[in-house]
Structures are given as C-alpha cells and as structure tokens.
Amino acid sequence: MFENIKKEFTTRTLVLIPIAIAINIAIGELVVRLKLPVYLDSIGTVLVGAIAGPWAGALTGGLANLIWGLFNPFAAPFFYVAAAIGLMAGFAGKRGAFQNETPRWVSVVVGAVFVFSLTLFILAFINASTDETGYTSYPSMSQLFSQYLGIFIFAILAGAAIGYFLLQKGGYAGMWGLITGIVAAIISAPTAAYVFGGVTGSGTDLLVAAFRASGGGILASVLAQGSVSDPFDKMLSFMVVWLIIRSLPARFTSR
Amino acid sequence: MNALGMYVARESGLHSLHPLTKVLLTLLFITAGLTLPGNWTGYFIVAFIVFPLAFWGRVVSNLFSATWKVSLPFAISVILIHGFFWGEGTPVFEVGILSPKWEGAIFAAISMGRIILVMSVFLLFSMTTRPDALMITLKQAGVPSSIAYIIVTTLQIAPSFQRKALTILDAQRSRGLETEGNLYIRAKALIPLILPLVLGSLMEVEERAIAIEARGFNSGKKETSLIEIPDTPLQKNIRRIVIFSIFGLIVLGVLWRL
C-alpha cells in the first residue's frame with residue numbers, strides 16, 4: 001500500500017500538482033467572467049486524480065483549498081472535502097472512467113436514475129413532518145409515488161434526456177462525478193452548518209432558504225442544498241476532465 | 001492574487017515571530033473558538049486576542065477591512081436565512097408573511113461570531129507571515145520538500161495562469177466565440193476556453209520536470225537555506241504548550257458535548 005502511494009508521486013506528478021491548482025483558480029475566474037451558475041473549481045484536482053492516482057488527487061485538493069485559504073479563509077476548513085474529491089477522481093481513473101467511451105444507453109440510465117433519486121429525496125424532504133417531541137417522520141415511498149406520479153415520470157424522462165444529450169459518451173465519468181458530488185455534499189454539510197451557520201455567501205443560499213422555509217432543520221437544509229448543487233457541478237467537472245484526457249497525446253496518459 | 005498572498009510588510013513583533021509559532025497559534029484560536037462552551041466565545045476571542053494581536057502587528061485597519069470584505073456576504077445570508085426562515089419561535093414583529101424570530105436572530109449572531117473568528121484569525125496569519133518564510137520553516141520542521149515545492153510554485157504561477165485564462169478569453173472572442181447572451185450560449189463557450197488553457201499548461205509539465213530534476217530535486221540530501229528564520233527557546237516552549245492545548249481542547253470539546 002505504502003509503496004503504491006509512493007509510486008504515484010513521481011517528479012512529473014509533483015510538477016503537475018501546482019499547475020493543476022493554478023488551473024482550478026484560472027477556471028474559477030473564467031466561470032465568474034461567463035457568469036455561469038456553477039463553481040467548476042475542482043477540474044485541476046480531478047485531472048490529477050485521473051492522471052496520477054487517488055493519493056496525488058487527494059493531496060492536490062487538500063493543498064488547493066489550504067493555499068486558497070490564504071486569500072479567502074472560507075476555503076480552508078473545507079480542505080478535507082476537496083481531498084475527498086481528488087481521491088474519488090483517482091478511483092474513477094483507476095476503473096477507466098476517463099479513458100473509455102460509454103454506450104449512450106448507459107448514459108441514459110445513469111441520468112434517469114440520478115434525477116429520479118434526486119426528485120425522490122427532495123419530495124421526501126419537503127413532505128417530512130416533525131412532531132412535538134422533535135421526531136422527524138418521512139412519508140412512505142408508495143405515498144409519494146401515488147401523490148407525485150406525474151413529477152416522477154417527468155423526472156425520469158428529463159434525466160434520460162440529460163443522459164442522452166449532456167453525458168453522451170462520457171456516462172461513466174458523469175456517474176462518478178455524480179457520486180463524488182453526493183459524497184462531497186454529505187461530508188461538507190456538518191462544517192458548513194456548524195462553522196458557517198449553513199451559508200456560503202453565494203447564490204446557493206437561496207436553496208438553503210427554500211429548504212428552511214419548507215420546515216427542514218439547519219443541517220438537513222444544508223445537506224439538501226449540497227445534494228442539489230454539488231452532484232451537478234462535479235458531474236460537469238468529471239465530464240470536462242473526460243474530454244481533456246481524450247484530447248491528450250497518448251504519451252501523456254500512458255504513464 | 002500574488003506570490004506574497006495577503007502579506008502586509010510591517011516592522012512588528014508579530015511579524016518577526018517564528019512562522020511555526022503563528023501557525024500553531026492560528027490553529028489554537030480556531031480550535032478554542034469552535035470547541036469551548038458558550039455561544040459568544042468567537043466574539044470574545046476576536047475582541048480580546050485577535051484585535052490586540054493585530055494592534056501589536058500594526059495591521060488593525062488592513063485586518064478590519066479584509067475581514068469586513070470576506071464576512072459581509074455571509075452576514076447578509078446568515079441574517080436573511082435565519083432571521084426570516086426560522087420556523088417556530090417568538091416573532092420580533094409580523095408584517096404580512098414576514099415574521100423574523102428572536103431564536104433565529106440569536107442563532108444568526110452566534111454563527112456570525114464563528115464566521116468572523118475563522119476569517120479574522122486566518123487573515124491575521126496571512127497578513128503577518130511571508131509564504132516563503134513559512135515554507136522554509138515547514139521544511140526545517142520535517143515537512144517533505146515536495147509539499148513546500150507545491151505550495152511555493154502554486155503561489156508563483158497562479159497569477160500568470162489567471163492572465164493566461166483571460167488572454168485565451170480575448171483570443172477566442174476575437175475569433176468569434178460568443179461569451180455573452182443567454183445561459184446556453186455562455187455555457188457553450190466554456191469548453192473552447194478550458195481546453196486550450198489545460199492542454200497548453202500540461203505541455204509545461206515535461207519541461208518543468210526535467211528542469212527541477214536537473215537541479216537535484218530528488219537527491220535526498222538535506223537542503224540548506226540562504227535565509228535564516230530566527231527562533232527563540234521561549235517560542236519553542238510556547239509551541240509545545242500550544243500543541244498540548246489544541247489536543248486538550250479537542251478532547252474536552254468532545255467530552256463536553258457527550
């Protein structure tokens with residue numbers, strides 16, 4: 001195990017890491033200039049994970065946030081989340097998610113399953129009720145299905161469309177991005193809720209407000225906000241890296 | 001962004017402290033603010049520790065304006081969300097559907113204390129510590145030189161990468177890439193901007209790898225440094241106490257909440 005970690009950190013990897021962190025920052029800048037409603041601030045991290053391996057990816061993510069913390073302290077406490085993103089990207093890379101083309105029907109299934117579960121999650125969250133003792137009860141699946149059948153069918157169709165037109169042949173990479181986004185949402189929620197009162201000072205706070213208004217607790221609302229915005233953001237990041245890796249000369253990826 | 005971070009060059013006792021002492025004190029203040037019981041600990045630490053230290057370091061006005069700048073968006077969100085979307089509680093006033101709650105306002109105030117604490121402590125550290133001096137001391141303390149290389153190089157190359165991104169933006173625009181308009185048009189512009197940036201940057205990797213290997217990066221011999229960072233026995237002892245205090249606070253913080 002230790003030997004494997006050491007093998008990831010060749011001179012080329014060490015040189016690649018600062019470049020990747022600078023890419024994170026530069027792309028963040030481009031996204032702001034284009035006024036896009038996403039972050040896409042971990043493309044460099046995912047790239048290192050994909051090219052060099054999980055531990056190099058984790059180091060890139062962690063250091064990126066700590067260095068960025070010198071300028072904006074908000075990033076620093078989330079260094080472990082960025083490290084987890086790099087780690088996941090590395091595992092995805094080891095399974096070939098970035099090199100291979102995915103049949104388009106797989107992308108359709110990935111998109112449909114994801115949007116379906118997201119809808120299920122949000123509806124269960126909105127319809128949860130808390131009694132006087134503070135015990136939260138969630139509605140049963142059959143109850144939700146009979147009540148919102150139209151919405152679920154729409155969600156599956158919309159997900160399938162996203163899979164077909166957006167994921168295209170990068171279905172596996174997109175799927176790994178979605179999973180990574182969910183992991184990131186879960187592990188970042190406690191820090192966001194406890195240290196920063198559940199806010200990020202950006203547009204996604206509107207989502208937190210919406211979930212609070214529908215009766216969710218602070219931690220639950222932050223988690224719900226993250227589960228809506230993070231998977232989509234990480235899916236796009238993984239897809240972009242998939243595109244990058246496929247346009248790289250072979251001598252770069254063969255090592 | 002520049003290679004010296006937020007560093008503010010001043011002659012002061014705080015500036016001349018050993019960087020490791022400042023790293024550990026930064027961690028101590030944040031741990032204390034987040035683990036000690038009591039809702040207003042954050043404000044106390046800012047008022048009675050961070051502010052006097054900033055005064056000692058002669059960066060009070062810089063620290064104040066920087067903390068204000070980074071905390072303001074959080075303040076707006078915290079007050080709006082917890083003030084107006086609290087749920088059950090004692091209303092402050094009721095105007096139509098708007099009814100801010102006392103409980104929400106108090107929670108917002110508690111959260112702001114933590115936010116201001118984290119922001120001001122980190123900013124005080126980066127304003128009074130040169131990143132290059134920090135790297136030298138980290139290396140001397142046994143942190144692998146590869147980590148130091150990554151941090152120093154990132155701080156050096158990030159500004160040029162930002163410039164490169166904007167150059168690519170201009171170049172693609174002059175070739176007719178639309179970067180304004182509706183969301184779909186702007187989103188479509190992203191790939192023609194990202195690919196040249198990343199592919200161009202990756203071509204540098206080979207060159208840089210050869211360059212640092214030629215300079216004995218992998219030699220494994222202990223490096224010497226041109227710059228000496230002054231240290232005192234007193235600070236060494238303070239650092240030991242601080243390390244114990246941080247672990248103590250974490251253990252106590254967990255026990256208090258059980």
# chains A, B, ... in the order shown; residues from 1 in each chain; ligands from 1
>>> residues_around(residues="range 193-209 of chain B", least_positions_apart="2", cutoff="8 Å", atoms="only C-alpha atoms", output="ChimeraX atom specification")
/A:11-12,15-16,19,23,27,244,248 /B:164-165,168-169,172,189-191,211-213
>>> write_last_selection(atoms="C-alpha atoms", output="mmCIF file, in the first residue's frame")
data_model
loop_
_atom_site.group_PDB
_atom_site.id
_atom_site.type_symbol
_atom_site.label_atom_id
_atom_site.label_comp_id
_atom_site.auth_asym_id
_atom_site.auth_seq_id
_atom_site.Cartn_x
_atom_site.Cartn_y
_atom_site.Cartn_z
ATOM 1 C CA THR A 11 8.626 14.180 -10.323
ATOM 2 C CA ARG A 12 6.082 14.624 -13.106
ATOM 3 C CA VAL A 15 5.207 19.283 -11.174
ATOM 4 C CA LEU A 16 1.653 18.628 -12.315
ATOM 5 C CA ILE A 19 -0.206 23.557 -12.382
ATOM 6 C CA ILE A 23 -5.887 25.642 -13.355
ATOM 7 C CA ILE A 27 -11.093 28.203 -14.494
ATOM 8 C CA ILE A 244 -9.452 16.747 -21.711
ATOM 9 C CA LEU A 248 -4.302 14.493 -24.630
ATOM 10 C CA LYS B 164 -3.352 33.209 -19.495
ATOM 11 C CA ALA B 165 -7.060 32.408 -19.000
ATOM 12 C CA ILE B 168 -7.465 32.865 -24.166
ATOM 13 C CA LEU B 169 -10.831 34.501 -23.488
ATOM 14 C CA GLN B 172 -11.394 33.165 -28.673
ATOM 15 C CA ALA B 189 -18.286 28.985 -24.603
ATOM 16 C CA LEU B 190 -16.721 27.130 -21.656
ATOM 17 C CA ILE B 191 -15.152 24.170 -23.477
ATOM 18 C CA ALA B 211 14.341 21.409 -15.070
ATOM 19 C CA ILE B 212 13.915 20.520 -11.393
ATOM 20 C CA GLU B 213 15.441 17.066 -11.769
#
>>> interface_residues(of="chain A", to="chain B", cutoff="8 Å", atoms="only C-alpha atoms", output="tab-separated table (two decimals) with N, CA, C and O atoms, in the first residue's frame")
chain	number	residue	atom	x	y	z
A	11	THR	N	8.34	12.76	-10.12
A	11	THR	CA	8.63	14.18	-10.32
A	11	THR	C	7.55	14.81	-11.19
A	11	THR	O	7.12	15.94	-10.95
A	12	ARG	N	7.11	14.06	-12.21
A	12	ARG	CA	6.08	14.62	-13.11
A	12	ARG	C	4.80	14.93	-12.35
A	12	ARG	O	4.17	15.95	-12.58
A	14	LEU	N	4.57	15.68	-9.15
A	14	LEU	CA	4.82	16.84	-8.29
A	14	LEU	C	4.78	18.13	-9.09
A	14	LEU	O	4.32	19.16	-8.60
A	15	VAL	N	5.24	18.09	-10.33
A	15	VAL	CA	5.21	19.28	-11.17
A	15	VAL	C	3.77	19.57	-11.61
A	15	VAL	O	3.36	20.71	-11.72
A	16	LEU	N	3.03	18.49	-11.83
A	16	LEU	CA	1.65	18.63	-12.31
A	16	LEU	C	0.75	19.28	-11.27
A	16	LEU	O	-0.14	20.08	-11.60
A	17	ILE	N	1.00	18.99	-9.97
A	17	ILE	CA	0.07	19.43	-8.92
A	17	ILE	C	-0.08	20.96	-8.85
A	17	ILE	O	-1.20	21.46	-8.89
A	18	PRO	N	1.04	21.74	-8.78
A	18	PRO	CA	0.84	23.20	-8.74
A	18	PRO	C	0.14	23.72	-9.99
A	18	PRO	O	-0.69	24.64	-9.89
A	19	ILE	N	0.46	23.13	-11.15
A	19	ILE	CA	-0.21	23.56	-12.38
A	19	ILE	C	-1.70	23.30	-12.28
A	19	ILE	O	-2.53	24.13	-12.65
A	21	ILE	N	-3.52	23.15	-9.53
A	21	ILE	CA	-4.15	24.09	-8.59
A	21	ILE	C	-4.34	25.44	-9.28
A	21	ILE	O	-5.39	26.08	-9.15
A	22	ALA	N	-3.32	25.86	-10.06
A	22	ALA	CA	-3.45	27.12	-10.79
A	22	ALA	C	-4.59	27.03	-11.81
A	22	ALA	O	-5.31	28.01	-12.05
A	23	ILE	N	-4.77	25.84	-12.41
A	23	ILE	CA	-5.89	25.64	-13.35
A	23	ILE	C	-7.22	25.79	-12.63
A	23	ILE	O	-8.15	26.44	-13.12
A	25	ILE	N	-7.87	27.65	-10.12
A	25	ILE	CA	-8.11	29.06	-9.87
A	25	ILE	C	-8.48	29.79	-11.16
A	25	ILE	O	-9.42	30.58	-11.21
A	26	ALA	N	-7.73	29.49	-12.25
A	26	ALA	CA	-7.97	30.18	-13.52
A	26	ALA	C	-9.35	29.84	-14.08
A	26	ALA	O	-10.06	30.73	-14.59
A	27	ILE	N	-9.77	28.56	-13.98
A	27	ILE	CA	-11.09	28.20	-14.49
A	27	ILE	C	-12.18	28.84	-13.64
A	27	ILE	O	-13.20	29.31	-14.15
A	29	GLU	N	-11.98	31.66	-12.35
A	29	GLU	CA	-12.04	33.03	-12.87
A	29	GLU	C	-12.88	33.10	-14.15
A	29	GLU	O	-13.73	33.97	-14.31
A	30	LEU	N	-12.64	32.13	-15.07
A	30	LEU	CA	-13.40	32.10	-16.33
A	30	LEU	C	-14.89	31.94	-16.07
A	30	LEU	O	-15.72	32.60	-16.71
A	31	VAL	N	-15.22	31.05	-15.11
A	31	VAL	CA	-16.64	30.80	-14.81
A	31	VAL	C	-17.30	32.07	-14.29
A	31	VAL	O	-18.45	32.38	-14.65
A	34	LEU	N	-17.91	34.39	-17.21
A	34	LEU	CA	-19.02	33.96	-18.07
A	34	LEU	C	-20.34	34.00	-17.30
A	34	LEU	O	-21.38	33.69	-17.87
A	35	LYS	N	-20.29	34.34	-16.02
A	35	LYS	CA	-21.49	34.41	-15.16
A	35	LYS	C	-22.28	33.11	-15.23
A	35	LYS	O	-23.50	33.11	-15.46
A	36	LEU	N	-21.59	31.97	-15.04
A	36	LEU	CA	-22.28	30.68	-15.06
A	36	LEU	C	-22.66	30.29	-13.63
A	36	LEU	O	-21.90	30.55	-12.69
A	63	LEU	N	-4.35	20.65	-0.62
A	63	LEU	CA	-3.45	21.81	-0.68
A	63	LEU	C	-4.10	22.99	-1.40
A	63	LEU	O	-3.91	24.14	-1.01
A	67	ILE	N	-4.16	26.59	0.29
A	67	ILE	CA	-3.48	27.74	-0.31
A	67	ILE	C	-4.50	28.84	-0.61
A	67	ILE	O	-4.28	30.00	-0.33
A	69	GLY	N	-7.07	29.35	0.94
A	69	GLY	CA	-7.44	29.89	2.24
A	69	GLY	C	-6.59	31.07	2.67
A	69	GLY	O	-6.99	31.87	3.50
A	70	LEU	N	-5.38	31.19	2.09
A	70	LEU	CA	-4.54	32.34	2.39
A	70	LEU	C	-5.17	33.62	1.86
A	70	LEU	O	-4.89	34.71	2.32
A	71	PHE	N	-6.05	33.49	0.85
A	71	PHE	CA	-6.69	34.66	0.24
A	71	PHE	C	-8.13	34.78	0.70
A	71	PHE	O	-8.62	35.87	0.95
A	72	ASN	N	-8.84	33.65	0.75
A	72	ASN	CA	-10.21	33.66	1.23
A	72	ASN	C	-10.37	32.54	2.25
A	72	ASN	O	-10.48	31.37	1.88
A	73	PRO	N	-10.39	32.89	3.55
A	73	PRO	CA	-10.38	31.86	4.60
A	73	PRO	C	-11.54	30.88	4.51
A	73	PRO	O	-11.48	29.81	5.10
A	74	PHE	N	-12.59	31.20	3.76
A	74	PHE	CA	-13.74	30.31	3.67
A	74	PHE	C	-13.35	28.93	3.14
A	74	PHE	O	-13.90	27.91	3.55
A	194	TYR	N	-22.05	24.02	11.01
A	194	TYR	CA	-21.54	24.38	12.33
A	194	TYR	C	-20.66	25.61	12.28
A	194	TYR	O	-20.84	26.54	13.07
A	195	VAL	N	-19.71	25.66	11.37
A	195	VAL	CA	-18.76	26.77	11.36
A	195	VAL	C	-19.35	28.01	10.71
A	195	VAL	O	-19.15	29.12	11.17
A	196	PHE	N	-20.12	27.82	9.62
A	196	PHE	CA	-20.56	28.99	8.86
A	196	PHE	C	-22.07	29.23	8.94
A	196	PHE	O	-22.63	29.93	8.10
A	197	GLY	N	-22.73	28.64	9.93
A	197	GLY	CA	-24.16	28.89	10.10
A	197	GLY	C	-25.00	28.45	8.91
A	197	GLY	O	-26.11	28.91	8.72
A	198	GLY	N	-24.45	27.55	8.08
A	198	GLY	CA	-25.21	26.99	6.97
A	198	GLY	C	-25.22	27.83	5.71
A	198	GLY	O	-25.94	27.53	4.78
A	199	VAL	N	-24.42	28.90	5.66
A	199	VAL	CA	-24.45	29.73	4.45
A	199	VAL	C	-23.09	29.75	3.76
A	199	VAL	O	-22.07	29.42	4.35
A	200	THR	N	-23.09	30.09	2.47
A	200	THR	CA	-21.85	30.20	1.73
A	200	THR	C	-21.63	31.62	1.24
A	200	THR	O	-20.62	31.92	0.61
A	201	GLY	N	-22.60	32.50	1.46
A	201	GLY	CA	-22.48	33.86	0.97
A	201	GLY	C	-22.60	33.96	-0.53
A	201	GLY	O	-22.17	34.93	-1.13
A	202	SER	N	-23.19	32.93	-1.18
A	202	SER	CA	-23.36	32.98	-2.63
A	202	SER	C	-24.79	32.60	-2.99
A	202	SER	O	-25.64	32.41	-2.12
A	205	ASP	N	-27.35	29.96	-1.43
A	205	ASP	CA	-28.03	30.19	-0.16
A	205	ASP	C	-29.54	30.30	-0.34
A	205	ASP	O	-30.30	30.04	0.59
A	208	VAL	N	-30.90	27.02	0.42
A	208	VAL	CA	-30.97	26.76	1.87
A	208	VAL	C	-32.21	27.44	2.43
A	208	VAL	O	-32.97	26.84	3.20
A	209	ALA	N	-32.45	28.70	2.02
A	209	ALA	CA	-33.61	29.43	2.50
A	209	ALA	C	-34.90	28.68	2.13
A	209	ALA	O	-35.79	28.53	2.96
A	212	ARG	N	-35.27	25.67	4.36
A	212	ARG	CA	-35.62	26.08	5.71
A	212	ARG	C	-37.10	26.46	5.75
A	212	ARG	O	-37.81	26.12	6.70
A	213	ALA	N	-37.55	27.15	4.71
A	213	ALA	CA	-38.94	27.61	4.68
A	213	ALA	C	-39.89	26.42	4.64
A	213	ALA	O	-40.99	26.47	5.18
A	215	GLY	N	-39.48	23.78	6.23
A	215	GLY	CA	-39.51	23.15	7.55
A	215	GLY	C	-38.31	22.31	7.92
A	215	GLY	O	-38.32	21.64	8.94
A	240	VAL	N	-15.72	17.32	-18.11
A	240	VAL	CA	-14.70	18.16	-18.75
A	240	VAL	C	-13.36	17.44	-18.73
A	240	VAL	O	-12.64	17.41	-19.74
A	244	ILE	N	-10.87	16.36	-21.68
A	244	ILE	CA	-9.45	16.75	-21.71
A	244	ILE	C	-8.59	15.52	-21.93
A	244	ILE	O	-7.70	15.51	-22.80
A	248	LEU	N	-5.73	14.47	-24.93
A	248	LEU	CA	-4.30	14.49	-24.63
A	248	LEU	C	-3.55	13.54	-25.54
A	248	LEU	O	-4.08	12.51	-25.93
>>> atom_distance(atom1="CA of Gly163 in chain A", atom2="CA of Trp105 in chain A")
8.2 Å
>>> closest_residue(among="A:Ala124, A:Asn24, A:Thr13, A:Ala155", to="Tyr39 in chain A", atoms="only C-alpha atoms")
A:Asn24
>>> select_by_dssp(residues="range 63-205 of chain A", states="strand (DSSP E)", output="PDB file with N, CA, C and O atoms, in the first residue's frame")
ATOM      1  N   SER A 129     -42.472  15.441   8.230  1.00  0.00           N
ATOM      2  CA  SER A 129     -43.137  16.215   9.282  1.00  0.00           C
ATOM      3  C   SER A 129     -42.446  15.936  10.610  1.00  0.00           C
ATOM      4  O   SER A 129     -42.036  14.815  10.891  1.00  0.00           O
ATOM      5  N   THR A 130     -42.299  16.980  11.421  1.00  0.00           N
ATOM      6  CA  THR A 130     -41.668  16.832  12.723  1.00  0.00           C
ATOM      7  C   THR A 130     -42.741  17.022  13.788  1.00  0.00           C
ATOM      8  O   THR A 130     -43.469  18.008  13.760  1.00  0.00           O
ATOM      9  N   THR A 136     -38.595  13.283  13.541  1.00  0.00           N
ATOM     10  CA  THR A 136     -38.969  13.584  12.161  1.00  0.00           C
ATOM     11  C   THR A 136     -39.405  12.315  11.456  1.00  0.00           C
ATOM     12  O   THR A 136     -38.693  11.317  11.471  1.00  0.00           O
ATOM     13  N   SER A 137     -40.583  12.339  10.851  1.00  0.00           N
ATOM     14  CA  SER A 137     -41.030  11.155  10.117  1.00  0.00           C
ATOM     15  C   SER A 137     -41.130  11.492   8.640  1.00  0.00           C
ATOM     16  O   SER A 137     -41.546  12.600   8.274  1.00  0.00           O
TER      17      SER A 137
END
>>> atom_distance(atom1="CA of Trp242 in chain A", atom2="CA of Leu66 in chain A")
26.1 Å
